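Here the structure is laid out as structure tokens; the discussion comes afterwards.
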Amino acid sequence: MTQAVQRPARRPGLRLAGQMAAILGALLLCFVAQFAALGTLEHDRDQARAHDELRTLLANATAPVAALDDEGRLLATGTPVAILEIPRLGVREVVGEGTSARALKSGPGHLRDTPLPGQEGSSVLLGRRAGYGGPFAQLDQLKPGDQLTVTTGQGVHRYVVQGVRRAGDPDRNVPQAGRGRLTLVTADGPYFLPTDALWVDARLTTPVQPSSGAVPAFAVPDNERVLAGDADALVPVALWTVVLAVAALAVVALHQRVGRWHAWVVGVPLLGALGLTLADHAAPLLPNLI
């Protein structure tokens, strides 16, 4: 007589751990998808809106020409202030005011304590290298002599690239009094694991425009510095993490009590949407130049 083979009893704890591990892996994929793919769509949408807004401001001669508004307050983060064009790289981006990780999701940003492009002194623009469109992904390919163009409320300003600097390289291109310079800054090193910052210096070749002065360095928030993260994102990240954890436990319970396919039908769209939302809120915690 053939003896029936007994299957080992399933351990509920092990099965639960496996299900949670699978959900965690799916969430990591959501983070990659949001940061690298869906973030690009978000960047393109924000750029289209900013372009329409800046075009209206330029047409009405009301585009900002200083980091402060008429009442002496800092311009709102994200206010479009310029259009940057880099023909060699095929880059045409609207530049917004402010350089926090959240602001740079929409495109390059102007560092508040520097003059606007076209004005006397060193204007500094920060941009992402990898995530959310990565507008400055190929900045290290620029060569001395390459042309840059920036359009602001004071006209069209042309620059010639002087060189690329990395950590430890001396800054030999400090502009003299009455001259203008533009410095583009992004991350250096592997795309999602930056080792430091990379700078591209360019000399203004068109007439210098009058400046109302940059804001003091102490007025710039810490989260707008080079390679800074945005700690303000911690609160929404914590809240969405709780919501996601509750939803994940509910999906696991549905799987155990009703069935696998019911859990898949409900869990995939629910956890996917929550995972992408959490990833979008968590991205500002990372350095702003990634």
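The way I read the labels, and the way they are meant: chains A, B, ... in the order of the structure tokens, residue 1 as the first residue of every chain, and ligand 1 as the first ligand shown, with later ones counted on from there.
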
**Asked** In stretch 55-202 of chain A, what's helix (DSSP H, G or I) per DSSP? Answer as a PyMOL selection string?
**Response** chain A and resi 55-59+87-89+103-105+139-141

**Prompt:** Skipping near chain neighbours, those fewer than 5 positions away, what residues fall within 7 Å of stretch 25-36 of chain A using only C-alpha atoms, listed as a list in words?
**Reply:**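 Using only C-alpha atoms, the neighbours found are Gly131, Tyr132, Gly272, Gly275, Leu276, Ala279 and Asp280 of chain A.
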
**Item:** Selected residue of minimal separation from A:Arg129 among A:Leu41, A:Ile290, A:Val215, A:Ala177, counting only C-alpha atoms
**Value:**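 Looking at the shortest contact to A:Arg129, the residue is A:Ile290.
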
Near stretch 110-128 of chain A, 12 Å: stretch 185-250 of chain A residue rows, closest pairs, only C-alpha atoms, as JSON lines:
```
{"residue": "A:Val185", "atom": "CA", "partner": "A:Leu126", "partner_atom": "CA", "distance": 4.8}
{"residue": "A:Thr186", "atom": "CA", "partner": "A:Gly127", "partner_atom": "CA", "distance": 5.4}
{"residue": "A:Ala187", "atom": "CA", "partner": "A:Arg128", "partner_atom": "CA", "distance": 7.1}
{"residue": "A:Asp188", "atom": "CA", "partner": "A:Arg128", "partner_atom": "CA", "distance": 10.4}
{"residue": "A:Tyr191", "atom": "CA", "partner": "A:Arg128", "partner_atom": "CA", "distance": 9.7}
{"residue": "A:Phe192", "atom": "CA", "partner": "A:Arg128", "partner_atom": "CA", "distance": 10.4}
{"residue": "A:Pro194", "atom": "CA", "partner": "A:Arg128", "partner_atom": "CA", "distance": 10.9}
{"residue": "A:Ala197", "atom": "CA", "partner": "A:Leu126", "partner_atom": "CA", "distance": 10.0}
{"residue": "A:Leu198", "atom": "CA", "partner": "A:Leu126", "partner_atom": "CA", "distance": 10.1}
{"residue": "A:Trp199", "atom": "CA", "partner": "A:Leu126", "partner_atom": "CA", "distance": 9.3}
{"residue": "A:Val200", "atom": "CA", "partner": "A:Val124", "partner_atom": "CA", "distance": 9.8}
{"residue": "A:Asp201", "atom": "CA", "partner": "A:Ser122", "partner_atom": "CA", "distance": 9.1}
{"residue": "A:Ala202", "atom": "CA", "partner": "A:Ser122", "partner_atom": "CA", "distance": 9.4}
{"residue": "A:Arg203", "atom": "CA", "partner": "A:Ser122", "partner_atom": "CA", "distance": 9.3}
{"residue": "A:Leu204", "atom": "CA", "partner": "A:Gly118", "partner_atom": "CA", "distance": 7.0}
{"residue": "A:Thr205", "atom": "CA", "partner": "A:Gly118", "partner_atom": "CA", "distance": 9.3}
{"residue": "A:Thr206", "atom": "CA", "partner": "A:Gly118", "partner_atom": "CA", "distance": 7.8}
{"residue": "A:Pro207", "atom": "CA", "partner": "A:Gly118", "partner_atom": "CA", "distance": 7.8}
{"residue": "A:Val208", "atom": "CA", "partner": "A:Gln119", "partner_atom": "CA", "distance": 5.3}
{"residue": "A:Gln209", "atom": "CA", "partner": "A:Gln119", "partner_atom": "CA", "distance": 4.7}
{"residue": "A:Pro210", "atom": "CA", "partner": "A:Gln119", "partner_atom": "CA", "distance": 6.0}
{"residue": "A:Ser211", "atom": "CA", "partner": "A:Gln119", "partner_atom": "CA", "distance": 5.7}
{"residue": "A:Ser212", "atom": "CA", "partner": "A:Pro115", "partner_atom": "CA", "distance": 8.4}
{"residue": "A:Gly213", "atom": "CA", "partner": "A:Pro115", "partner_atom": "CA", "distance": 6.4}
{"residue": "A:Ala214", "atom": "CA", "partner": "A:Pro115", "partner_atom": "CA", "distance": 5.1}
{"residue": "A:Val215", "atom": "CA", "partner": "A:Asp113", "partner_atom": "CA", "distance": 4.8}
{"residue": "A:Pro216", "atom": "CA", "partner": "A:Asp113", "partner_atom": "CA", "distance": 5.7}
{"residue": "A:Ala217", "atom": "CA", "partner": "A:Asp113", "partner_atom": "CA", "distance": 5.3}
{"residue": "A:Phe218", "atom": "CA", "partner": "A:Asp113", "partner_atom": "CA", "distance": 8.5}
{"residue": "A:Ala219", "atom": "CA", "partner": "A:Asp113", "partner_atom": "CA", "distance": 7.8}
{"residue": "A:Val220", "atom": "CA", "partner": "A:Arg112", "partner_atom": "CA", "distance": 6.4}
{"residue": "A:Pro221", "atom": "CA", "partner": "A:Arg112", "partner_atom": "CA", "distance": 9.4}
{"residue": "A:Asp222", "atom": "CA", "partner": "A:Leu111", "partner_atom": "CA", "distance": 11.6}
{"residue": "A:Asn223", "atom": "CA", "partner": "A:Leu111", "partner_atom": "CA", "distance": 11.3}
{"residue": "A:Glu224", "atom": "CA", "partner": "A:Leu111", "partner_atom": "CA", "distance": 7.5}
{"residue": "A:Arg225", "atom": "CA", "partner": "A:Leu111", "partner_atom": "CA", "distance": 8.1}
{"residue": "A:Val226", "atom": "CA", "partner": "A:Leu126", "partner_atom": "CA", "distance": 7.8}
{"residue": "A:Leu227", "atom": "CA", "partner": "A:Leu126", "partner_atom": "CA", "distance": 9.6}
{"residue": "A:Ala228", "atom": "CA", "partner": "A:Leu126", "partner_atom": "CA", "distance": 11.4}
```

Give me a file of those residues, with N, CA and C atoms, as a short mmCIF file (atom, residue, chain, number, x, y, z; two decimals), in the first residue's frame.
```cif
data_model
loop_
_atom_site.label_atom_id
_atom_site.label_comp_id
_atom_site.auth_asym_id
_atom_site.auth_seq_id
_atom_site.Cartn_x
_atom_site.Cartn_y
_atom_site.Cartn_z
N VAL A 185 25.63 74.32 -11.81
CA VAL A 185 26.06 73.35 -10.81
C VAL A 185 25.15 72.12 -10.86
N THR A 186 25.75 70.94 -10.82
CA THR A 186 25.01 69.70 -10.72
C THR A 186 25.83 68.69 -9.93
N ALA A 187 25.31 67.48 -9.81
CA ALA A 187 26.01 66.44 -9.05
C ALA A 187 27.13 65.83 -9.89
N ASP A 188 28.15 65.34 -9.22
CA ASP A 188 29.27 64.65 -9.87
C ASP A 188 29.34 63.23 -9.33
N TYR A 191 25.22 58.46 -11.21
CA TYR A 191 23.98 59.21 -11.35
C TYR A 191 23.18 59.33 -10.07
N PHE A 192 22.98 58.24 -9.34
CA PHE A 192 22.16 58.29 -8.14
C PHE A 192 22.97 58.20 -6.85
N PRO A 194 25.85 60.60 -5.85
CA PRO A 194 26.79 61.69 -6.09
C PRO A 194 27.92 61.71 -5.07
N ALA A 197 29.90 67.95 -6.04
CA ALA A 197 29.27 68.79 -7.05
C ALA A 197 30.22 69.05 -8.21
N LEU A 198 29.64 69.41 -9.35
CA LEU A 198 30.40 69.76 -10.55
C LEU A 198 29.96 71.16 -10.97
N TRP A 199 30.92 72.01 -11.33
CA TRP A 199 30.63 73.39 -11.70
C TRP A 199 31.08 73.65 -13.14
N VAL A 200 30.28 74.39 -13.88
CA VAL A 200 30.65 74.86 -15.22
C VAL A 200 30.59 76.38 -15.19
N ASP A 201 31.71 77.04 -15.47
CA ASP A 201 31.79 78.50 -15.45
C ASP A 201 31.71 79.04 -16.87
N ALA A 202 30.96 80.12 -17.03
CA ALA A 202 30.82 80.76 -18.34
C ALA A 202 30.91 82.27 -18.18
N ARG A 203 31.54 82.92 -19.16
CA ARG A 203 31.76 84.38 -19.11
C ARG A 203 30.70 85.11 -19.92
N LEU A 204 30.16 86.17 -19.34
CA LEU A 204 29.16 86.99 -20.03
C LEU A 204 29.83 87.79 -21.15
N THR A 205 29.27 87.70 -22.37
CA THR A 205 29.85 88.40 -23.51
C THR A 205 28.97 89.55 -23.99
N THR A 206 27.76 89.65 -23.48
CA THR A 206 26.88 90.76 -23.83
C THR A 206 26.95 91.81 -22.72
N PRO A 207 26.43 93.02 -22.96
CA PRO A 207 26.54 94.08 -21.95
C PRO A 207 25.95 93.69 -20.60
N VAL A 208 26.64 94.09 -19.53
CA VAL A 208 26.18 93.82 -18.17
C VAL A 208 24.95 94.67 -17.87
N GLN A 209 23.95 94.05 -17.26
CA GLN A 209 22.71 94.74 -16.93
C GLN A 209 22.74 95.24 -15.48
N PRO A 210 21.99 96.29 -15.20
CA PRO A 210 21.95 96.80 -13.81
C PRO A 210 21.35 95.77 -12.87
N SER A 211 21.83 95.80 -11.64
CA SER A 211 21.39 94.84 -10.64
C SER A 211 20.91 95.56 -9.39
N SER A 212 19.85 95.02 -8.79
CA SER A 212 19.36 95.59 -7.54
C SER A 212 20.01 94.91 -6.35
N GLY A 213 20.96 93.99 -6.64
CA GLY A 213 21.67 93.31 -5.57
C GLY A 213 21.03 91.98 -5.20
N ALA A 214 21.89 91.03 -4.81
CA ALA A 214 21.38 89.72 -4.39
C ALA A 214 21.03 89.75 -2.91
N VAL A 215 20.26 88.79 -2.48
CA VAL A 215 19.90 88.73 -1.07
C VAL A 215 21.11 88.27 -0.27
N PRO A 216 21.20 88.62 1.01
CA PRO A 216 22.33 88.15 1.84
C PRO A 216 22.36 86.63 1.94
N ALA A 217 23.54 86.08 2.10
CA ALA A 217 23.69 84.63 2.17
C ALA A 217 22.89 84.03 3.32
N PHE A 218 22.79 84.75 4.44
CA PHE A 218 22.09 84.20 5.60
C PHE A 218 20.59 84.09 5.35
N ALA A 219 20.08 84.78 4.33
CA ALA A 219 18.64 84.74 4.04
C ALA A 219 18.25 83.51 3.23
N VAL A 220 19.24 82.78 2.73
CA VAL A 220 18.96 81.59 1.92
C VAL A 220 18.77 80.39 2.85
N PRO A 221 17.63 79.71 2.77
CA PRO A 221 17.39 78.55 3.65
C PRO A 221 18.45 77.47 3.44
N ASP A 222 18.74 76.71 4.49
CA ASP A 222 19.75 75.66 4.42
C ASP A 222 19.39 74.59 3.38
N ASN A 223 18.09 74.37 3.18
CA ASN A 223 17.69 73.32 2.23
C ASN A 223 17.85 73.75 0.77
N GLU A 224 18.38 74.97 0.53
CA GLU A 224 18.63 75.42 -0.84
C GLU A 224 20.11 75.44 -1.17
N ARG A 225 20.96 74.94 -0.26
CA ARG A 225 22.39 74.89 -0.52
C ARG A 225 22.72 73.74 -1.46
N VAL A 226 23.93 73.73 -1.98
CA VAL A 226 24.37 72.68 -2.90
C VAL A 226 24.36 71.32 -2.21
N LEU A 227 23.72 70.34 -2.84
CA LEU A 227 23.61 68.96 -2.36
C LEU A 227 22.83 68.83 -1.05
N ALA A 228 21.97 69.79 -0.77
CA ALA A 228 21.16 69.73 0.45
C ALA A 228 19.87 68.97 0.20
#
```

**Test item, strand (DSSP E or B) assignment across stretch 31-127 of chain A, answer as a PyMOL selection string** = chain A and resi 68+74+80-86+91-97+109-110+119+121-126

Mind dumping the selected residues with N, CA and C atoms as an mmCIF file, in the first residue's frame?
```
data_model
loop_
_atom_site.group_PDB
_atom_site.id
_atom_site.type_symbol
_atom_site.label_atom_id
_atom_site.label_comp_id
_atom_site.auth_asym_id
_atom_site.auth_seq_id
_atom_site.Cartn_x
_atom_site.Cartn_y
_atom_site.Cartn_z
ATOM 1 N N LEU A 68 14.228 89.683 -4.944
ATOM 2 C CA LEU A 68 13.212 90.220 -4.042
ATOM 3 C C LEU A 68 12.079 90.821 -4.851
ATOM 4 N N LEU A 74 11.444 87.773 -0.327
ATOM 5 C CA LEU A 74 11.992 86.793 -1.265
ATOM 6 C C LEU A 74 10.924 86.362 -2.249
ATOM 7 N N PRO A 80 9.165 81.629 -12.143
ATOM 8 C CA PRO A 80 10.059 81.574 -13.315
ATOM 9 C C PRO A 80 10.791 82.899 -13.510
ATOM 10 N N VAL A 81 12.122 82.823 -13.668
ATOM 11 C CA VAL A 81 12.924 84.040 -13.792
ATOM 12 C C VAL A 81 13.747 84.089 -15.072
ATOM 13 N N ALA A 82 13.931 82.965 -15.760
ATOM 14 C CA ALA A 82 14.802 82.967 -16.943
ATOM 15 C C ALA A 82 14.566 81.719 -17.787
ATOM 16 N N ILE A 83 15.053 81.782 -19.015
ATOM 17 C CA ILE A 83 15.088 80.611 -19.902
ATOM 18 C C ILE A 83 16.549 80.345 -20.238
ATOM 19 N N LEU A 84 17.028 79.155 -19.908
ATOM 20 C CA LEU A 84 18.412 78.759 -20.168
ATOM 21 C C LEU A 84 18.459 77.871 -21.409
ATOM 22 N N GLU A 85 19.361 78.201 -22.329
ATOM 23 C CA GLU A 85 19.535 77.398 -23.540
ATOM 24 C C GLU A 85 21.004 76.996 -23.676
ATOM 25 N N ILE A 86 21.230 75.700 -23.865
ATOM 26 C CA ILE A 86 22.581 75.160 -24.083
ATOM 27 C C ILE A 86 22.543 74.387 -25.393
ATOM 28 N N VAL A 91 19.630 71.580 -24.554
ATOM 29 C CA VAL A 91 18.895 71.937 -23.336
ATOM 30 C C VAL A 91 18.196 73.272 -23.526
ATOM 31 N N ARG A 92 16.907 73.298 -23.197
ATOM 32 C CA ARG A 92 16.144 74.547 -23.133
ATOM 33 C C ARG A 92 15.202 74.425 -21.947
ATOM 34 N N GLU A 93 15.546 75.098 -20.847
ATOM 35 C CA GLU A 93 14.835 74.936 -19.581
ATOM 36 C C GLU A 93 14.439 76.288 -18.996
ATOM 37 N N VAL A 94 13.244 76.334 -18.438
ATOM 38 C CA VAL A 94 12.831 77.503 -17.664
ATOM 39 C C VAL A 94 13.461 77.397 -16.282
ATOM 40 N N VAL A 95 14.077 78.465 -15.843
ATOM 41 C CA VAL A 95 14.741 78.502 -14.530
ATOM 42 C C VAL A 95 13.800 79.126 -13.516
ATOM 43 N N GLY A 96 13.600 78.439 -12.398
ATOM 44 C CA GLY A 96 12.751 78.970 -11.332
ATOM 45 C C GLY A 96 13.584 79.531 -10.195
ATOM 46 N N GLU A 97 12.961 80.322 -9.363
ATOM 47 C CA GLU A 97 13.654 80.888 -8.203
ATOM 48 C C GLU A 97 13.677 79.861 -7.075
ATOM 49 N N GLY A 109 17.190 75.791 -10.916
ATOM 50 C CA GLY A 109 16.806 76.869 -10.020
ATOM 51 C C GLY A 109 17.918 77.882 -9.851
ATOM 52 N N HIS A 110 17.526 79.108 -9.563
ATOM 53 C CA HIS A 110 18.481 80.196 -9.333
ATOM 54 C C HIS A 110 18.796 80.294 -7.851
ATOM 55 N N GLN A 119 23.523 90.009 -15.058
ATOM 56 C CA GLN A 119 23.917 91.097 -14.181
ATOM 57 C C GLN A 119 25.369 90.933 -13.729
ATOM 58 N N GLY A 121 28.608 90.219 -11.572
ATOM 59 C CA GLY A 121 28.906 89.224 -10.545
ATOM 60 C C GLY A 121 28.668 87.815 -11.046
ATOM 61 N N SER A 122 28.687 86.867 -10.119
ATOM 62 C CA SER A 122 28.558 85.446 -10.458
ATOM 63 C C SER A 122 27.145 84.956 -10.161
ATOM 64 N N SER A 123 26.391 84.705 -11.218
ATOM 65 C CA SER A 123 25.062 84.120 -11.085
ATOM 66 C C SER A 123 25.200 82.607 -11.064
ATOM 67 N N VAL A 124 24.449 81.936 -10.187
ATOM 68 C CA VAL A 124 24.577 80.489 -10.027
ATOM 69 C C VAL A 124 23.219 79.819 -10.248
ATOM 70 N N LEU A 125 23.212 78.800 -11.105
ATOM 71 C CA LEU A 125 22.016 78.006 -11.373
ATOM 72 C C LEU A 125 22.297 76.556 -11.016
ATOM 73 N N LEU A 126 21.407 75.927 -10.259
ATOM 74 C CA LEU A 126 21.536 74.527 -9.882
ATOM 75 C C LEU A 126 20.526 73.685 -10.656
#
```
